[in-house]
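In what follows, a single structure is set out as structure tokens and then discussed.
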Protein chains: 6
Amino acid sequence: MFERADFSTLSLRMSGCEAEYKDALVVLFGAPFDGTVSFRPGSRFGPQAMRQDSIGLETYSPYQDTDLSSCLTCDLGDLDLPMGDTKASLDLIRQTTERIVADGKIPLMLGGEHLITLAAFESLFVKYPEICVVHLDAHADLREDYLGVKLSHATVMRRIWEYTGDGKIFQMGIRSGTQDEFAFARAGHTELFPLSADHNMASAIAAAAGDRPVYLTIDLDIYDPSCFAGTGTPEPGGINFRDMMQVLNEFTGLHIVGADLVELAPHYDASGVSTALALKTMRELLILIQNQYNGVRK
Amino acid sequence: MFERADFSTLSLRMSGCEAEYKDALVVLFGAPFDGTVSFRPGSRFGPQAMRQDSIGLETYSPYQDTDLSSCLTCDLGDLDLPMGDTKASLDLIRQTTERIVADGKIPLMLGGEHLITLAAFESLFVKYPEICVVHLDAHADLREDYLGVKLSHATVMRRIWEYTGDGKIFQMGIRSGTQDEFAFARAGHTELFPLSADHNMASAIAAAAGDRPVYLTIDLDIYDPSCFAGTGTPEPGGINFRDMMQVLNEFTGLHIVGADLVELAPHYDASGVSTALALKTMRELLILIQNQYNGVRK
Amino acid sequence: MFERADFSTLSLRMSGCEAEYKDALVVLFGAPFDGTVSFRPGSRFGPQAMRQDSIGLETYSPYQDTDLSSCLTCDLGDLDLPMGDTKASLDLIRQTTERIVADGKIPLMLGGEHLITLAAFESLFVKYPEICVVHLDAHADLREDYLGVKLSHATVMRRIWEYTGDGKIFQMGIRSGTQDEFAFARAGHTELFPLSADHNMASAIAAAAGDRPVYLTIDLDIYDPSCFAGTGTPEPGGINFRDMMQVLNEFTGLHIVGADLVELAPHYDASGVSTALALKTMRELLILIQNQYNGVRK
Amino acid sequence: MFERADFSTLSLRMSGCEAEYKDALVVLFGAPFDGTVSFRPGSRFGPQAMRQDSIGLETYSPYQDTDLSSCLTCDLGDLDLPMGDTKASLDLIRQTTERIVADGKIPLMLGGEHLITLAAFESLFVKYPEICVVHLDAHADLREDYLGVKLSHATVMRRIWEYTGDGKIFQMGIRSGTQDEFAFARAGHTELFPLSADHNMASAIAAAAGDRPVYLTIDLDIYDPSCFAGTGTPEPGGINFRDMMQVLNEFTGLHIVGADLVELAPHYDASGVSTALALKTMRELLILIQNQYNGVRK
Amino acid sequence: MFERADFSTLSLRMSGCEAEYKDALVVLFGAPFDGTVSFRPGSRFGPQAMRQDSIGLETYSPYQDTDLSSCLTCDLGDLDLPMGDTKASLDLIRQTTERIVADGKIPLMLGGEHLITLAAFESLFVKYPEICVVHLDAHADLREDYLGVKLSHATVMRRIWEYTGDGKIFQMGIRSGTQDEFAFARAGHTELFPLSADHNMASAIAAAAGDRPVYLTIDLDIYDPSCFAGTGTPEPGGINFRDMMQVLNEFTGLHIVGADLVELAPHYDASGVSTALALKTMRELLILIQNQYNGVRK
Amino acid sequence: MFERADFSTLSLRMSGCEAEYKDALVVLFGAPFDGTVSFRPGSRFGPQAMRQDSIGLETYSPYQDTDLSSCLTCDLGDLDLPMGDTKASLDLIRQTTERIVADGKIPLMLGGEHLITLAAFESLFVKYPEICVVHLDAHADLREDYLGVKLSHATVMRRIWEYTGDGKIFQMGIRSGTQDEFAFARAGHTELFPLSADHNMASAIAAAAGDRPVYLTIDLDIYDPSCFAGTGTPEPGGINFRDMMQVLNEFTGLHIVGADLVELAPHYDASGVSTALALKTMRELLILIQNQYNGVRK
């Protein structure tokens with residue numbers, strides 16, 4: 001008789017993330033929700049596109065001299081979310097991260113749109129009320145509402161701020177928003193590093209965060225559209241992969257307890273380049289977290 | 001001084017639909033909602049793609065020997081819908097069609113996904129409780145719920161049936177659905193003509209509808225994907241444009257009081273062919289309605 | 001030393017059209033002009049796309065049981081046309097076809113847009129004042145002018161009619177045009193077979209043309225957009241390849257003295273299907289002409 | 001603790017093919033090899049694209065009134081094939097089908113290019129020396145060699161014929177090939193139904209095959225490119241989905257012991273329509289086979 | 001009764017440019033002409049693509065801390081240009097800019113190809129004979145003629161030089177041209193800053209222009225193709241959005257009396273990134289001009 | 001009679017490479033092989049895409065103030081390679097470069113995948129046993145084998161090292177590979193400059209190579225995917241065109257005896273930007289080589 005194990009597992013899980021759940025330090029899952037997107041939807045296809053193209057991902061990182069397959073990451077697959085029901089979708093995401101956190105593991109969620117960050121954050125906020133949020137993005141996401149909708153990709157950081165209060169949210173790369181959003185940030189509600197993201201800003205954030213637990217949310221549209229065209233709302237003026245490597249290098253000392261990568265909408269970039277960039281960013285982030293827990297953060 | 005009127009109006013309204021609202025028989029508007037789509041979103045871009053490419057639409061129909069510009073159609077533009085809030089979006093659509101109906105005009109709604117039909121139908125059901133629904137589609141859309149969601153593109157005809165009761169819904173072209181949906185239809189709840197749509201079926205439907213008011217909803221995925229690739233869930237085995245012309249020809253005697261064209265998702269067909277087909281279908285439908293009201297239906 | 005002949009000729013000429021000019025019966029060339037297109041340009045890339053993809057063209061026709069490479073066709077390449085100067089471009093095309101005709105050969109021109117037909121036709125009209133034109137197209141192309149422009153893809157058959165007078169132009173497949181164009185045709189100026197093209201119409205045309213010399217112009221958008229998406233103005237309701245084979249079969253007895261294939265705009269069909277269809281149509285047309293001259297038309 | 005089963009299995013196997021290997025009647029696997037393709041490669045991505053988009057496949061067939069999930073199909077995933085080594089790749093495929101056949105199950109292989117059929121066929125020929133091959137395709141695939149290469153997608157039926165001898169291969173839909181290939185078939189080596197495929201031909205084939213075991217190989221480019229643009233070598237003049245339904249209906253009585261679906265190259269059809277057609281063809285084929293074994297073929 | 005104003009105006013005008021003509025400082029219009037393009041046409045679709053995607057444009061600029069909607073810009077829509085007649089098209093453009101200038105307003109023209117700049121420039125030259133031209137581009141556009149054609153996208157700056165004479169044209173970013181064009185510039189006819197564009201060059205240009213009126217023409221292909229793939233003739237080695245922000249910052253003191261943005265050909269960049277970049281460049285340019293007139297230039 | 005010379009040669013050869021073979025210093029040819037590619041094939045279309053789009057290439061280089069047409073380059077077209085037979089394909093390439101070298105000319109090969117470099121290198125190694133290899137790439141290509149296959153795009157530099165031994169291979173830009181490959185390089189087998197490529201590295205390589213003959217192989221995926229999306233395995237973190245110009249400037253003194261440009265897979269970048277970048281890189285490389293032989297290298 002035949003065993004499935006005789007066959008490639010590439011169709012089953014993210015390449016390099018083959019740990020069993022019980023052994024895993026980081027637990028990966030997809031939250032393919034894009035229901036509140038106002039301009040161009042499609043980030044629901046992000047996690048599956050990443051798994052599909054992970055066949056072309058070299059698991060070894062010459063940047064951190066570590067192989068992803070030496071990390072303990074388990075890929076659970078994608079959640080089945082009820083499209084059209086925003087609240088029920090967020091509930092399912094929150095239940096998932098709650099269990100992962102309860103099992104002493106670190107969730108790494110792949111979006112989907114940015115609103116999903118709210119549900120994952122809420123699970124962690126229960127356990128770590130002092131939690132900080134490091135937010136890499138092109139957009140401030142600080143609106144009070146969007147066409148009257150409170151739960152929206154454009155309001156997610158405002159909703160999170162309602163939990164954390166002032167001074168706990170660090171924003172980098174922001175180059176798009178309303179005048180009100182920028183005013184809100186500049187009034188001291190968040191620490192905003194506008195227009196770009198570099199190692200100096202990252203270093204300042206790491207210093208400010210100190211030993212506190214951190215939720216790291218990376219909206220991939222922080223990248224310049226030249227590098228990352230596959231997203232709903234491309235914003236010129238962003239960073240490139242080398243900039244991101246420098247930023248992550250400054251994050252070595254952070255105490256990351258949860259993270260996400262959101263807003264890959266692969267259909268808008270038929271070349272596959274955006275998916276490749278998302279994968280490499282994920283690889284570096286996974287290695288960063290594992291190295292933290294095997295070293296600094298033991 | 002300058003007048004806007006010196007310039008092309010092609011950027012402003014659908015070509016051939018330049019009547020003022022007060023003069024119009026048919027009122028066109030876009031409902032760019034695709035929030036409950038389970039597979040591939042993007043029908044929110046349908047109405048704008050149609051307006052954009054209507055510059056390439058010949059307004060004269062050699063099939064009905066009538067020019068669209070001789071009809072009295074007003075294009076109101078697109079509704080601003082709050083993405084992520086299904087109920088509020090449907091409310092806005094319903095209010096719009098209510099006013100159009102109250103003004104004694106016929107709404108022609110451009111989708112967007114199929115769920116929007118529910119809101120337009122409800123406005124007409126209030127005025128015409130005996131209303132029949134003629135439903136051209138690849139999918140039965142008769143589910144009780146979809147992953148627990150009651151308001152879904154996959155349940156819309158079931159929701160409408162809850163208003164009409166048995167025998168008022170005529171379905172053609174249906175070639176996809178669950179075993180339960182087909183069983184529901186075959187139990188006599190709807191009149192289902194499965195797998196295809198032709199002039200014989202259309203003739204039978206027209207005879208059955210008789211003088212009763214009719215809401216005509218055309219999910220453009222009734223077309224074979226060879227003709228219409230630009231849709232979220234393409235289903236092989238559909239009809240072509242000539243088949244549609246024959247079907248519409250049989251509908252000459254119908255008493256159409258409202259209609260819609262839904263599920264054009266233009267990004268999936270970069271060739272523009274799907275948008276061109278949607279436009280020609282809209283042209284023929286508009287001329288059909290106008291001719292009815294100028295002749296048979298006076 | 002090295003000979004170029006050691007290398008593939010596929011990068012050099014249309015596959016199957018490798019005869020030298022002096023030996024050729026039919027002379028192929030590209031006229032990459034699309035300067036008067038009102039909607040979507042790009043047919044200038046048609047001839048080169050055909051050469052490029054001719055590597056995938058099987059030269060043998062099972063429809064006519066003949067191999068294209070046994071025909072005597074010379075591919076001259078593309079003309080260098082001065083974009084932005086319509087008149088100069090037409091002059092260059094006319095000079096080219098004049099020389100081909102003067103050398104006793106049959107021109108087969110690859111477009112480019114439909115206006116180029118005028119220049120090729122004029123060369124042949126000088127030699128054959130009794131010439132008929134068989135016109136396969138989705139569009140009537142009978143406008144008097146287009147936004148004041150007399151030399152336009154939308155007016156080309158009207159300009160040709162000014163040479164031929166009534167009863168010499170046979171139009172098939174026409175399903176788009178203004179009310180005036182259809183009225184012009186129906187007034188007896190052309191023989192119009194509207195909406196479709198089939199072997200009965202083709203047979204009637206062949207009978208009417210009799211022994212007179214014929215210029216055959218095929219606007220490839222006569223094909224349904226399902227088969228041929230790669231064109232500037234797709235029109236639903238057209239024919240497919242099998243229909244075309246039946247039409248061409250009826251044309252066996254025609255006395256073709258010149259021909260063209262126009263309006264392939266390959267960028268609108270990234271799948272390559274439209275280019276493949278254009279190539280197969282070209283192959284069948286070339287074999288048809290060669291068989292005529294080797295048999296019926298000796 | 002968490003179970004993987006809490007999550008969607010859609011990322012893991014083909015939708016509707018969730019049986020365990022030990023329970024399965026039909027065993028599905030992907031052979032992502034396209035190494036001998038002369039024109040446009042990419043069929044290696046076929047099986048994964050099908051799994052990915054199977055989320056949008058309705059498992060119920062209204063054509064055969066059966067749900068795919070009631071069939072016993074196990075999806076093993078894709079083989080890891082050593083690109084660049086044709087022979088080693090074929091060996092791996094043959095070993096796989098040998099084991100499936102040895103376990104008393106029916107292999108259904110998803111290509112990949114057509115050459116892979118040779119390896120699967122060889123496994124079955126050992127067990128069933130009297131086996132017939134039913135071959136649906138646009139191309140004859142009967143060349144002796146291709147640029148000197150014996151193992152090629154263009155020679156696969158010739159290689160198979162070397163095993164079966166005359167009269168065992170039935171070919172439908174063939175509309176492309178060299179003069180020699182057609183001559184070879186017409187000399188009685190294969191039963192060739194050229195240019196199209198319909199229920200009459202299918203009925204004749206079923207009668208000729210009788211009770212003998214049959215390997216059914218479907219090169220999806222038998223479909224017209226209007227329906228199926230996502231393939232390396234599109235050939236106008238093919239069939240559509242309804243034609244295929246009629247053909248398969250005539251195959252109800254066949255004794256199918258192995259089958260494959262090859263030549264989906266999804267990148268050439270960004271609309272996803274080709275993948276959807278491949279999935280529906282697969283669904284109907286799986287149901288056909290299961291019904292045979294549950295009924296006629298008990 | 002219903003008012004159009006109840007509906008979104010997004011389908012009507014460029015987002016953020018909703019001023020009435022009589023109130024406007026800057027008047028925006030599209031000149032969708034691409035008739036002389038030698039390589040890849042399609043810039044005719046630029047203005048409409050920008051309007052369409054302006055729904056995704058955040059009107060607030062964090063670079064200049066100003067909201068576009070606080071500026072007084074009127075969008076007139078697109079001109080209806082007679083394709084195929086270059087001279088008539090230029091005449092229409094010139095008449096339009098003449099009226100805008102006569103009304104004391106600043107024209108901002110959206111191309112279309114670069115030749116249209118000639119017509120707009122001519123209107124302004126009549127009023128401001130001392131006018132300078134600041135030219136951002138990848139191409140020198142200084143040819144005497146192109147294949148004999150004098151009015152061409154490749155000759156436009158030469159034609160303009162025939163009006164201005166030496167020393168009035170400042171060119172930045174130029175990295176493509178014939179040896180003759182570079183020699184012409186270096187002979188002192190224009191001030192050429194080759195290969196790149198940065199704030200030092202911009203500062204030098206601003207100093208040289210001083211108080212003289214300036215026509216600013218931005219061929220968007222000055223951007224590197226990594227940022228801006230949607231153009232007819234992409235030229236590697238260009239600038240990015242941050243570079244442009246620095247350049248525009250140096251232009252704060254310029255006396256801009258007219259401007260254009262040309263050569264967006266959106267079909268070549270299906271991701272929408274090029275259109276987004278064009279929109280953001282337009283937003284920054286509009287705010288720059290308004291700030292000049294409200295401050296420095298009062 | 002007519003001469004082919006009246007027609008554009010742009011359809012026949014690479015623009016700017018019109019020298020006859022006997023007069024040529026550099027001989028260009030395409031090796032359209034991509035048979036061992038593990039992830040995404042398609043580089044076989046690279047050379048033809050470059051010829052096609054060379055119509056849009058300005059032959060003059062403002063970087064080196066030289067016109068490509070003043071160089072003596074002959075374009076032979078593409079080799080006809082037997083797909084599916086790796087060894088036979090390499091043999092054909094080797095025979096071609098052998099003859100070019102024997103005729104005292106410099107081969108410039110256009111790929112195709114990177115494995116073809118092995119065959120070209122072998123021809124030159126026979127003549128120049130002391131030859132060095134300068135290798136620009138994103139990938140180390142130093143694997144011992146790939147899934148057991150020794151002749152693979154992923155092993156090509158390892159195979160070449162088996163000829164050259166240690167210290168003869170200089171690698172720049174490498175940012176992807178297994179841990180073993182990096183270890184192999186760092187063990188002194190090659191001179192590896194990881195992660196990037198700049199003028200300092202280039203200068204160091206030029207100094208190390210000195211007067212020795214050099215084979216220069218440029219895998220175009222050394223470019224960042226933002227600049228060059230059209231390749232099988234895009235790797236974020238690469239260089240841009242200006243970086244490449246600086247690198248090539250440092251190579252002025254190299255003694256280049258053979259070169260190649262590989263891994264353009266044009267179908268993955270529908271914008272044409274990648275092909276444009278490949279063409280400009282080719283232009284600069286050809287001018288660099290010609291200037292070397294006319295000056296430094298006389």
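How things are named: the first chain in the structure tokens is A, the next is B, and so on; residues count from 1 in each chain; ligands count from 1 in the order shown.
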Contacts of Arg283 in chain C at 10 Å (only C-alpha atoms; same-chain gap of 3+ positions) as a VMD selection string: chain C and resid 15 to 17 57 to 61 66 to 69 277 to 280 286 to 288
Please, which residues of chain A lie no more than 12 Å from chain F when the count uses only C-alpha atoms, and can they be set out as a ChimeraX atom specification? /A:52-70,223-230,239-246,269-281
Would you kindly return, as number ranges by chain, each protein, DNA or RNA residue with an atom no farther than 12 Å from any atom of Leu261 in chain D, considering only C-alpha atoms and excluding same-chain residues fewer than 2 positions away? D: 28-32, 43, 46-47, 50, 107-117, 120, 135-137, 215-222, 258-259, 263-265, 275, 277-286
Non-local contacts of range 198-207 of chain B (10 Å; only C-alpha atoms; under 4 positions in same chain excluded) as a PyMOL selection string: chain B and resi 134+169-173+191-194+211-212+214+239+242-255
Show me, as a list of chain:residue names, the residues that have an atom within 10 Å of range 149-151 of chain A when counting only C-alpha atoms, minus same-chain residues fewer than 3 positions from it.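 Once the nearby chain positions are removed, what remains is A:Thr36, A:Thr86, A:Lys87, A:Leu90, A:Leu115, A:Ile116, A:Leu118, A:Arg143, A:Glu144, A:Asp145, A:Tyr146, A:Ala154, A:Thr155, A:Val156, A:Arg158, A:Arg159, B:Pro82, B:Met83, B:Gly84, B:Asp85, B:Ala88.
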Please extract the residues of range 80-218 of chain F with a backbone DSSP assignment of alpha helix (DSSP H) and present them as a ChimeraX atom specification. /F:86-102,116-127,156-164,179-184,199-209
